[in-house]
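Source file: protein27.txt; contents: compact mmCIF, C-alpha atoms and all ligand atoms.
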# COMPACT_ATOMS: atom_id res chain seq x y z
CA MET A 1 65.97 12.08 45.01
CA GLY A 2 65.43 12.65 48.66
CA ASP A 3 63.32 15.80 48.59
CA PRO A 4 60.41 14.66 50.78
CA PRO A 5 57.93 17.42 49.85
CA LEU A 6 57.84 16.17 46.26
CA GLU A 7 56.45 12.89 47.52
CA MET A 8 53.54 14.69 49.12
CA ALA A 9 50.14 14.60 47.44
CA ILE A 10 49.72 18.23 48.52
CA HIS A 11 52.55 20.63 49.22
CA CYS A 12 51.79 24.31 49.87
CA ARG A 13 54.22 27.03 50.88
CA GLY A 14 53.33 30.66 51.50
CA LEU A 15 49.96 30.20 49.83
CA VAL A 16 48.06 33.47 49.45
CA LYS A 17 44.53 34.07 48.18
CA SER A 18 42.32 37.13 48.57
CA PHE A 19 38.91 38.08 47.28
CA GLY A 20 37.93 41.52 45.96
CA ARG A 21 40.09 44.58 45.45
CA GLY A 22 41.14 47.77 47.18
CA ASP A 23 39.13 48.60 50.31
CA ALA A 24 36.91 45.60 49.69
CA ARG A 25 39.82 43.16 49.63
CA VAL A 26 39.30 40.15 51.91
CA PRO A 27 42.34 37.97 52.59
CA ALA A 28 41.35 34.30 52.85
CA LEU A 29 44.73 32.52 52.82
CA ARG A 30 47.66 34.41 54.32
CA GLY A 31 50.86 32.58 53.52
CA LEU A 32 49.73 29.07 54.38
CA ASP A 33 52.08 26.06 54.61
CA LEU A 34 50.67 22.55 54.33
CA ASP A 35 51.81 19.03 53.48
CA ILE A 36 49.51 16.04 53.01
CA ALA A 37 50.94 12.63 52.13
CA TYR A 38 49.60 10.31 49.46
CA GLY A 39 46.97 8.02 50.98
CA GLU A 40 46.38 10.27 53.98
CA MET A 41 42.87 11.13 55.23
CA VAL A 42 42.95 14.58 56.75
CA MET A 43 40.20 16.59 58.42
CA LEU A 44 40.40 20.36 58.23
CA VAL A 45 38.73 22.26 61.06
CA GLY A 46 38.48 25.89 62.16
CA PRO A 47 36.02 28.72 62.70
CA SER A 48 33.69 29.87 59.97
CA GLY A 49 35.44 32.27 57.61
CA CYS A 50 38.97 31.08 58.40
CA GLY A 51 39.57 29.98 54.80
CA LYS A 52 38.81 26.24 54.75
CA THR A 53 36.65 26.27 51.62
CA THR A 54 39.10 28.61 49.89
CA LEU A 55 41.98 26.28 50.70
CA ILE A 56 40.34 23.14 49.34
CA SER A 57 39.14 25.07 46.29
CA VAL A 58 42.71 26.15 45.50
CA ILE A 59 44.00 22.62 46.13
CA ALA A 60 41.31 21.19 43.85
CA ALA A 61 42.27 23.67 41.10
CA VAL A 62 38.88 25.38 41.25
CA LEU A 63 40.25 28.76 42.40
CA ASP A 64 43.56 30.30 41.33
CA GLN A 65 45.97 31.26 44.10
CA ASP A 66 47.41 34.82 44.14
CA ALA A 67 50.89 33.85 45.33
CA GLY A 68 52.91 31.07 46.90
CA LEU A 69 53.47 27.47 45.94
CA CYS A 70 50.73 24.88 45.61
CA ARG A 71 51.88 21.52 44.30
CA VAL A 72 49.09 18.96 43.89
CA LEU A 73 49.73 15.37 42.77
CA GLY A 74 53.12 16.46 41.46
CA ARG A 75 51.85 19.48 39.50
CA ASP A 76 52.72 23.07 40.34
CA LEU A 77 49.28 24.65 39.93
CA ALA A 78 50.67 28.11 39.12
CA ARG A 79 52.29 26.62 36.00
CA LEU A 80 49.10 25.06 34.66
CA THR A 81 46.85 26.70 32.07
CA GLN A 82 43.10 26.84 32.76
CA ALA A 83 42.68 23.94 30.32
CA ASP A 84 45.28 21.90 32.24
CA LYS A 85 43.42 22.66 35.47
CA THR A 86 40.11 21.56 33.99
CA LEU A 87 41.72 18.27 32.96
CA LEU A 88 43.32 17.82 36.37
CA ARG A 89 39.93 18.34 38.06
CA ARG A 90 38.12 15.96 35.75
CA LYS A 91 40.70 13.19 35.91
CA ALA A 92 42.21 13.40 39.34
CA VAL A 93 39.82 15.12 41.75
CA GLY A 94 36.53 14.03 43.30
CA PHE A 95 34.26 16.53 45.07
CA VAL A 96 31.66 16.07 47.82
CA PHE A 97 29.74 19.16 48.93
CA GLN A 98 27.49 19.98 51.87
CA ALA A 99 24.55 20.41 49.51
CA PHE A 100 24.74 17.19 47.59
CA ASN A 101 24.49 18.99 44.23
CA LEU A 102 22.87 16.09 42.41
CA ILE A 103 21.14 16.93 39.14
CA PRO A 104 17.43 16.59 40.06
CA THR A 105 16.23 15.54 36.60
CA LEU A 106 18.78 12.71 36.20
CA THR A 107 18.49 9.23 37.70
CA LEU A 108 21.07 8.17 40.27
CA ALA A 109 22.95 6.13 37.68
CA ASP A 110 23.02 9.07 35.27
CA ASN A 111 24.19 11.45 38.02
CA VAL A 112 27.08 9.12 38.83
CA THR A 113 27.91 8.60 35.14
CA VAL A 114 28.51 12.33 34.55
CA PRO A 115 32.21 12.40 35.62
CA LEU A 116 32.92 9.41 33.37
CA LEU A 117 31.24 11.02 30.36
CA LEU A 118 33.29 14.17 30.97
CA ASN A 119 36.39 11.99 30.80
CA GLY A 120 35.30 10.51 27.49
CA SER A 121 33.92 7.12 28.59
CA PRO A 122 31.27 5.66 26.28
CA ARG A 123 27.81 5.94 27.86
CA GLU A 124 27.30 2.18 28.30
CA THR A 125 30.66 1.57 30.00
CA GLY A 126 30.10 4.62 32.15
CA ARG A 127 26.67 3.49 33.22
CA LYS A 128 27.98 0.05 34.15
CA GLN A 129 30.72 1.54 36.33
CA ALA A 130 28.22 3.96 37.87
CA VAL A 131 25.85 1.16 38.84
CA GLU A 132 28.75 -0.83 40.32
CA MET A 133 29.78 2.13 42.41
CA LEU A 134 26.19 2.69 43.59
CA ASP A 135 26.13 -0.97 44.51
CA ARG A 136 29.23 -0.61 46.68
CA LEU A 137 27.46 2.19 48.49
CA GLY A 138 24.35 0.09 49.08
CA LEU A 139 22.22 1.78 46.43
CA GLY A 140 22.49 -0.77 43.63
CA GLY A 141 18.74 -1.34 43.56
CA ARG A 142 17.99 2.37 43.20
CA ALA A 143 19.96 3.13 40.04
CA ASN A 144 16.88 4.36 38.17
CA ALA A 145 15.45 6.44 41.02
CA LEU A 146 15.54 10.23 41.01
CA PRO A 147 17.39 12.08 43.78
CA SER A 148 14.10 13.47 45.14
CA GLU A 149 13.00 9.93 45.97
CA LEU A 150 15.89 9.49 48.41
CA SER A 151 16.65 10.53 51.97
CA GLY A 152 19.44 13.03 52.65
CA GLY A 153 21.78 10.26 53.72
CA GLN A 154 21.10 8.29 50.56
CA GLN A 155 21.61 11.39 48.41
CA GLN A 156 24.96 12.00 50.05
CA ARG A 157 25.94 8.41 49.29
CA VAL A 158 25.12 9.08 45.63
CA ALA A 159 27.32 12.17 45.84
CA ILE A 160 30.14 10.00 47.19
CA ALA A 161 29.62 7.52 44.36
CA ARG A 162 29.87 10.39 41.90
CA ALA A 163 33.02 11.71 43.59
CA LEU A 164 34.78 8.34 43.44
CA VAL A 165 33.53 6.71 40.24
CA HIS A 166 36.36 8.02 38.04
CA LYS A 167 38.94 6.83 40.60
CA PRO A 168 40.39 10.23 41.44
CA SER A 169 43.70 10.39 43.32
CA LEU A 170 42.43 13.25 45.45
CA VAL A 171 39.00 13.63 47.06
CA VAL A 172 37.96 16.92 48.67
CA CYS A 173 34.82 17.18 50.79
CA ASP A 174 33.33 20.40 52.15
CA GLU A 175 31.27 19.69 55.28
CA PRO A 176 29.91 16.44 53.84
CA THR A 177 27.97 15.46 56.96
CA SER A 178 26.53 18.81 58.03
CA ALA A 179 23.12 18.17 56.46
CA LEU A 180 22.90 14.66 57.93
CA ASP A 181 21.94 13.28 61.32
CA ALA A 182 24.79 11.97 63.48
CA LYS A 183 24.41 8.30 62.70
CA THR A 184 24.02 8.81 58.95
CA GLY A 185 27.05 11.08 59.00
CA GLU A 186 29.17 8.42 60.65
CA THR A 187 28.01 5.71 58.25
CA MET A 188 28.95 8.01 55.41
CA LEU A 189 32.43 8.65 56.74
CA HIS A 190 32.89 4.97 57.26
CA LEU A 191 32.04 4.25 53.62
CA LEU A 192 34.12 7.14 52.37
CA ARG A 193 37.12 5.97 54.34
CA GLU A 194 36.77 2.36 53.29
CA ILE A 195 36.27 2.93 49.60
CA ALA A 196 38.64 5.83 49.19
CA LEU A 197 41.54 4.45 51.16
CA GLN A 198 41.40 0.99 49.63
CA GLU A 199 42.99 2.56 46.60
CA ARG A 200 45.32 4.92 48.48
CA ARG A 201 43.39 8.03 47.60
CA THR A 202 44.21 11.22 49.42
CA LEU A 203 41.23 12.73 51.25
CA VAL A 204 40.81 16.26 52.56
CA ILE A 205 37.59 16.77 54.49
CA VAL A 206 36.42 20.10 55.89
CA THR A 207 34.18 19.53 58.88
CA HIS A 208 32.57 21.02 61.97
CA ASP A 209 31.40 17.61 63.06
CA ASN A 210 33.48 16.43 66.04
CA ARG A 211 31.99 12.96 65.85
CA ILE A 212 33.72 12.17 62.58
CA LEU A 213 37.20 13.37 63.53
CA LYS A 214 38.07 9.86 64.68
CA TYR A 215 38.08 8.70 61.07
CA ALA A 216 40.98 11.02 60.25
CA ASP A 217 44.66 10.10 60.13
CA ARG A 218 45.33 13.71 61.05
CA VAL A 219 43.34 16.76 62.11
CA ILE A 220 44.56 20.10 60.81
CA GLU A 221 43.34 23.29 62.43
CA MET A 222 43.08 26.57 60.55
CA SER A 223 42.67 30.07 61.86
CA ASP A 224 42.59 33.31 59.93
CA GLY A 225 44.05 31.95 56.71
CA VAL A 226 46.91 29.83 58.09
CA ILE A 227 47.39 26.38 59.61
CA THR A 228 47.71 26.70 63.37
CA ARG A 229 47.86 23.10 64.51
CA SER A 230 48.21 19.63 63.13
CA GLY A 231 47.92 16.45 65.14
CA ALA A 232 46.75 12.88 65.17
CA GLY A 233 43.26 11.79 66.11
CA PRO A 234 40.25 13.57 67.54
CA SER A 235 42.10 15.23 70.42
CA LEU A 236 44.81 17.37 68.95
CA GLY A 237 48.21 16.73 70.48
CA PRO A 238 50.07 19.06 72.85
CA PRO A 239 51.53 22.24 71.34
CA ALA A 240 55.07 20.81 71.11
CA SER A 241 54.00 18.15 68.62
CA THR A 242 51.67 20.34 66.64
CA ASP A 243 54.12 22.47 64.70
CA ILE A 244 53.20 21.70 61.11
CA ARG A 245 56.86 21.19 60.23
CA SER A 246 57.23 18.40 62.76
CA SER A 247 54.69 16.41 60.78
CA LEU A 248 56.93 16.45 57.73
CA SER A 249 58.81 13.24 57.33
N1 LIG A 301 33.71 34.46 46.58
C1 LIG A 301 34.07 35.23 47.61
N2 LIG A 301 34.04 36.59 47.50
C2 LIG A 301 34.43 37.37 48.52
N3 LIG A 301 34.88 36.92 49.70
C3 LIG A 301 34.94 35.59 49.87
C4 LIG A 301 34.55 34.68 48.84
N4 LIG A 301 34.71 33.41 49.29
C5 LIG A 301 35.20 33.52 50.55
N5 LIG A 301 35.33 34.82 50.90
C6 LIG A 301 35.86 35.32 52.17
O1 LIG A 301 37.10 34.69 52.42
C7 LIG A 301 37.22 34.32 53.78
C8 LIG A 301 37.38 32.80 53.90
O2 LIG A 301 36.17 32.18 53.46
P1 LIG A 301 35.97 30.61 53.37
O3 LIG A 301 37.14 30.03 52.69
O4 LIG A 301 34.64 30.38 52.76
O5 LIG A 301 35.98 30.20 54.91
P2 LIG A 301 35.41 28.88 55.64
O6 LIG A 301 35.17 27.84 54.59
O7 LIG A 301 36.48 28.51 56.61
O8 LIG A 301 34.17 29.29 56.35
C9 LIG A 301 35.97 34.83 54.47
O9 LIG A 301 36.27 36.10 55.02
C10 LIG A 301 34.97 34.95 53.35
O10 LIG A 301 34.03 35.93 53.61
MG MG A 302 33.40 26.83 54.08
Could you render the structure from this file as structure tokens?
Ligand SMILES: Nc1ncnc2c1ncn2[C@@H]1O[C@H](COP(=O)(O)OP(=O)(O)O)[C@@H](O)[C@H]1O
Ligand SMILES: [Mg+2]
Amino acid sequence: MGDPPLEMAIHCRGLVKSFGRGDARVPALRGLDLDIAYGEMVMLVGPSGCGKTTLISVIAAVLDQDAGLCRVLGRDLARLTQADKTLLRRKAVGFVFQAFNLIPTLTLADNVTVPLLLNGSPRETGRKQAVEMLDRLGLGGRANALPSELSGGQQQRVAIARALVHKPSLVVCDEPTSALDAKTGETMLHLLREIALQERRTLVIVTHDNRILKYADRVIEMSDGVITRSGAGPSLGPPASTDIRSSLS
């Protein structure tokens, strides 16, 4: 009963992922170990090319790992079929990207309804939930607008609504504030934290934006395909407390 890693939302050991073959092979994850608890909001930082996007893509069951263990929400990803992974993504994962990736020809409400339709909700129920979620993000009056009629900050709020509307257990965000000005970015993080953590969602946010680190329960630093440090708050702790294993409880 007492195996703590099984209680983790995310539990990776020796995770390996490369791109390409032969001479063109590029290692992106090189035997990475990581644990993230249920309900934790974690920021993932590190230099460009160190493997952050690859890591959250594997965790979100978008990319298949080459080797190692990756257990997400109690499922060992290596044991899932592609159909299982598609279901896991649709039901349990919400995504927010740097480029908001809204569908330009759909209204805001229809954009936010998409994840619900994919999960089999009837259109009317889906639309109602979508409008409620837009409302929580301060966009209730704009449900019938098109994305092009909104500012970048508003579009990113729609993207958050879309990521959360189906109540996923895990939310992954790849540089969600990098196309926004500082203040808009902070507002966004504030909303994301409030809405997501109310329901004990687990959040993994890749960022270069130092101003938003304060919203994290924990900051995890990556370098060259592995985790190098993990500590609380915006200023990472001293080396003694930053061994990833010391954060296991
Ligand atoms: N689809 C891909 N094909 C080939 N190489 C890739 C691909 N995606 C990422 N890489 C390589 O894997 C490494 C890690 O990339 P990435 O995970 O995107 O890093 P980060 O998000 O930290 O900038 C980099 O060397 C990158 O060039
Ligand atoms: Mg990236």
8 Å per side around ligand LIG 301 (chain A): axis-aligned box centre and edge lengths, as AutoDock Vina command-line options:
--center_x 35.5 --center_y 32.6 --center_z 51.6 --size_x 19.7 --size_y 25.5 --size_z 26.0
Taking all atoms listed in the file into account, produce a table as a Markdown table in which each residue of range 137-222 of chain A with an atom at most 10 Å from an atom of range 88-109 of chain A appears once, together with its shortest atom pair and the distance in Å to one decimal, ordered by chain and rising number.
| residue | atom | partner | partner_atom | distance |
| --- | --- | --- | --- | --- |
| A:Leu139 | CA | A:Leu108 | CA | 8.9 |
| A:Gly140 | CA | A:Ala109 | CA | 9.1 |
| A:Arg142 | CA | A:Leu108 | CA | 7.2 |
| A:Ala143 | CA | A:Ala109 | CA | 4.8 |
| A:Asn144 | CA | A:Thr107 | CA | 5.2 |
| A:Ala145 | CA | A:Thr107 | CA | 5.3 |
| A:Leu146 | CA | A:Thr107 | CA | 4.5 |
| A:Pro147 | CA | A:Pro104 | CA | 5.8 |
| A:Ser148 | CA | A:Pro104 | CA | 6.8 |
| A:Glu149 | CA | A:Pro104 | CA | 9.9 |
| A:Leu150 | CA | A:Leu108 | CA | 9.7 |
| A:Gly152 | CA | A:Phe100 | CA | 8.4 |
| A:Gly153 | CA | A:Phe100 | CA | 9.7 |
| A:Gln155 | CA | A:Phe100 | CA | 6.6 |
| A:Gln156 | CA | A:Phe100 | CA | 5.7 |
| A:Arg157 | CA | A:Phe100 | CA | 9.0 |
| A:Val158 | CA | A:Leu108 | CA | 6.8 |
| A:Ala159 | CA | A:Phe100 | CA | 5.9 |
| A:Ile160 | CA | A:Val96 | CA | 6.3 |
| A:Ala161 | CA | A:Val96 | CA | 9.4 |
| A:Arg162 | CA | A:Gly94 | CA | 7.7 |
| A:Ala163 | CA | A:Gly94 | CA | 4.2 |
| A:Leu164 | CA | A:Gly94 | CA | 6.0 |
| A:Val165 | CA | A:Gly94 | CA | 8.5 |
| A:His166 | CA | A:Lys91 | CA | 7.1 |
| A:Lys167 | CA | A:Ala92 | CA | 7.4 |
| A:Pro168 | CA | A:Ala92 | CA | 4.2 |
| A:Ser169 | CA | A:Ala92 | CA | 5.2 |
| A:Leu170 | CA | A:Val93 | CA | 4.9 |
| A:Val171 | CA | A:Gly94 | CA | 4.5 |
| A:Val172 | CA | A:Phe95 | CA | 5.2 |
| A:Cys173 | CA | A:Val96 | CA | 4.5 |
| A:Asp174 | CA | A:Phe97 | CA | 5.0 |
| A:Glu175 | CA | A:Gln98 | CA | 5.1 |
| A:Pro176 | CA | A:Gln98 | CA | 4.7 |
| A:Thr177 | CA | A:Gln98 | CA | 6.8 |
| A:Ser178 | CA | A:Gln98 | CA | 6.3 |
| A:Ala179 | CA | A:Gln98 | CA | 6.6 |
| A:Leu180 | CA | A:Gln98 | CA | 9.3 |
| A:Arg201 | CA | A:Val93 | CA | 9.9 |
| A:Thr202 | CA | A:Val93 | CA | 9.7 |
| A:Leu203 | CA | A:Gly94 | CA | 9.3 |
| A:Val204 | CA | A:Phe95 | CA | 10.0 |
| A:Ile205 | CA | A:Val96 | CA | 9.0 |
| A:Val206 | CA | A:Phe97 | CA | 9.7 |
| A:Thr207 | CA | A:Gln98 | CA | 9.7 |
Practice task
Provide the CA of Arg13 in chain A to CA of Leu87 in chain A distance in Å, to one decimal place.
Solution key: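 Separating CA of Arg13 in chain A from CA of Leu87 in chain A is a distance of 23.5 Å.
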Handout entry: Distance criterion (all atoms listed in the file): nearest to ligand MG 302 (chain A) out of A:Ala196, A:Ala24, A:Ala130, A:Met222
Key =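 Between A:Ala196, A:Ala24, A:Ala130, A:Met222, the residue approaching ligand MG 302 (chain A) most closely is A:Met222.
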Problem - Spatial neighbours of Ala67 in chain A, max dist 8 Å, all atoms listed in the file, sep filter under 5 positions, as a list in words - result: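 The contact residues come out as Gly14, Leu15, Val16 and Lys17 of chain A.
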Against ligand MG 302 (chain A), which residues of chain A fall within 7 Å? For each one I want the closest pair of atoms and the distance in Å (one decimal), counting all atoms listed in the file, rows by chain and increasing residue number, as CSV.
residue,atom,partner,partner_atom,distance
A:Ser48,CA,A:MG302,MG,6.6
A:Gly49,CA,A:MG302,MG,6.8
A:Gly51,CA,A:MG302,MG,7.0
A:Lys52,CA,A:MG302,MG,5.5
A:Thr53,CA,A:MG302,MG,4.1
A:Asp174,CA,A:MG302,MG,6.7
Practice task
Report the distance between CA of Arg200 in chain A and CA of Ala9 in chain A in Å, rounded to one decimal place.
Solution key: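 That distance, rounded to one decimal, is 10.9 Å.
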Handout entry: Distance criterion (only C-alpha atoms): nearest to Ile36 in chain A out of A:Ile10, A:Ile59, A:Leu73, A:Arg218
Key =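 When distances to Ile36 in chain A are compared using only C-alpha atoms, the smallest one comes from A:Ile10.
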Practice task
Have a look at A:His208, A:Arg71, A:Lys214, A:His11 and name the one nearest to ligand LIG 301 (chain A); count all atoms listed in the file.
Solution key: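 Among A:His208, A:Arg71, A:Lys214, A:His11, it is A:His208 that comes nearest to ligand LIG 301 (chain A).
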Problem - Nearest candidate to ligand LIG 301 (chain A) (options A:Glu186, A:Asp217, A:Asp64, A:Glu7; using only C-alpha atoms and all ligand atoms) - result: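 Result for the nearest residue to ligand LIG 301 (chain A): A:Asp64.
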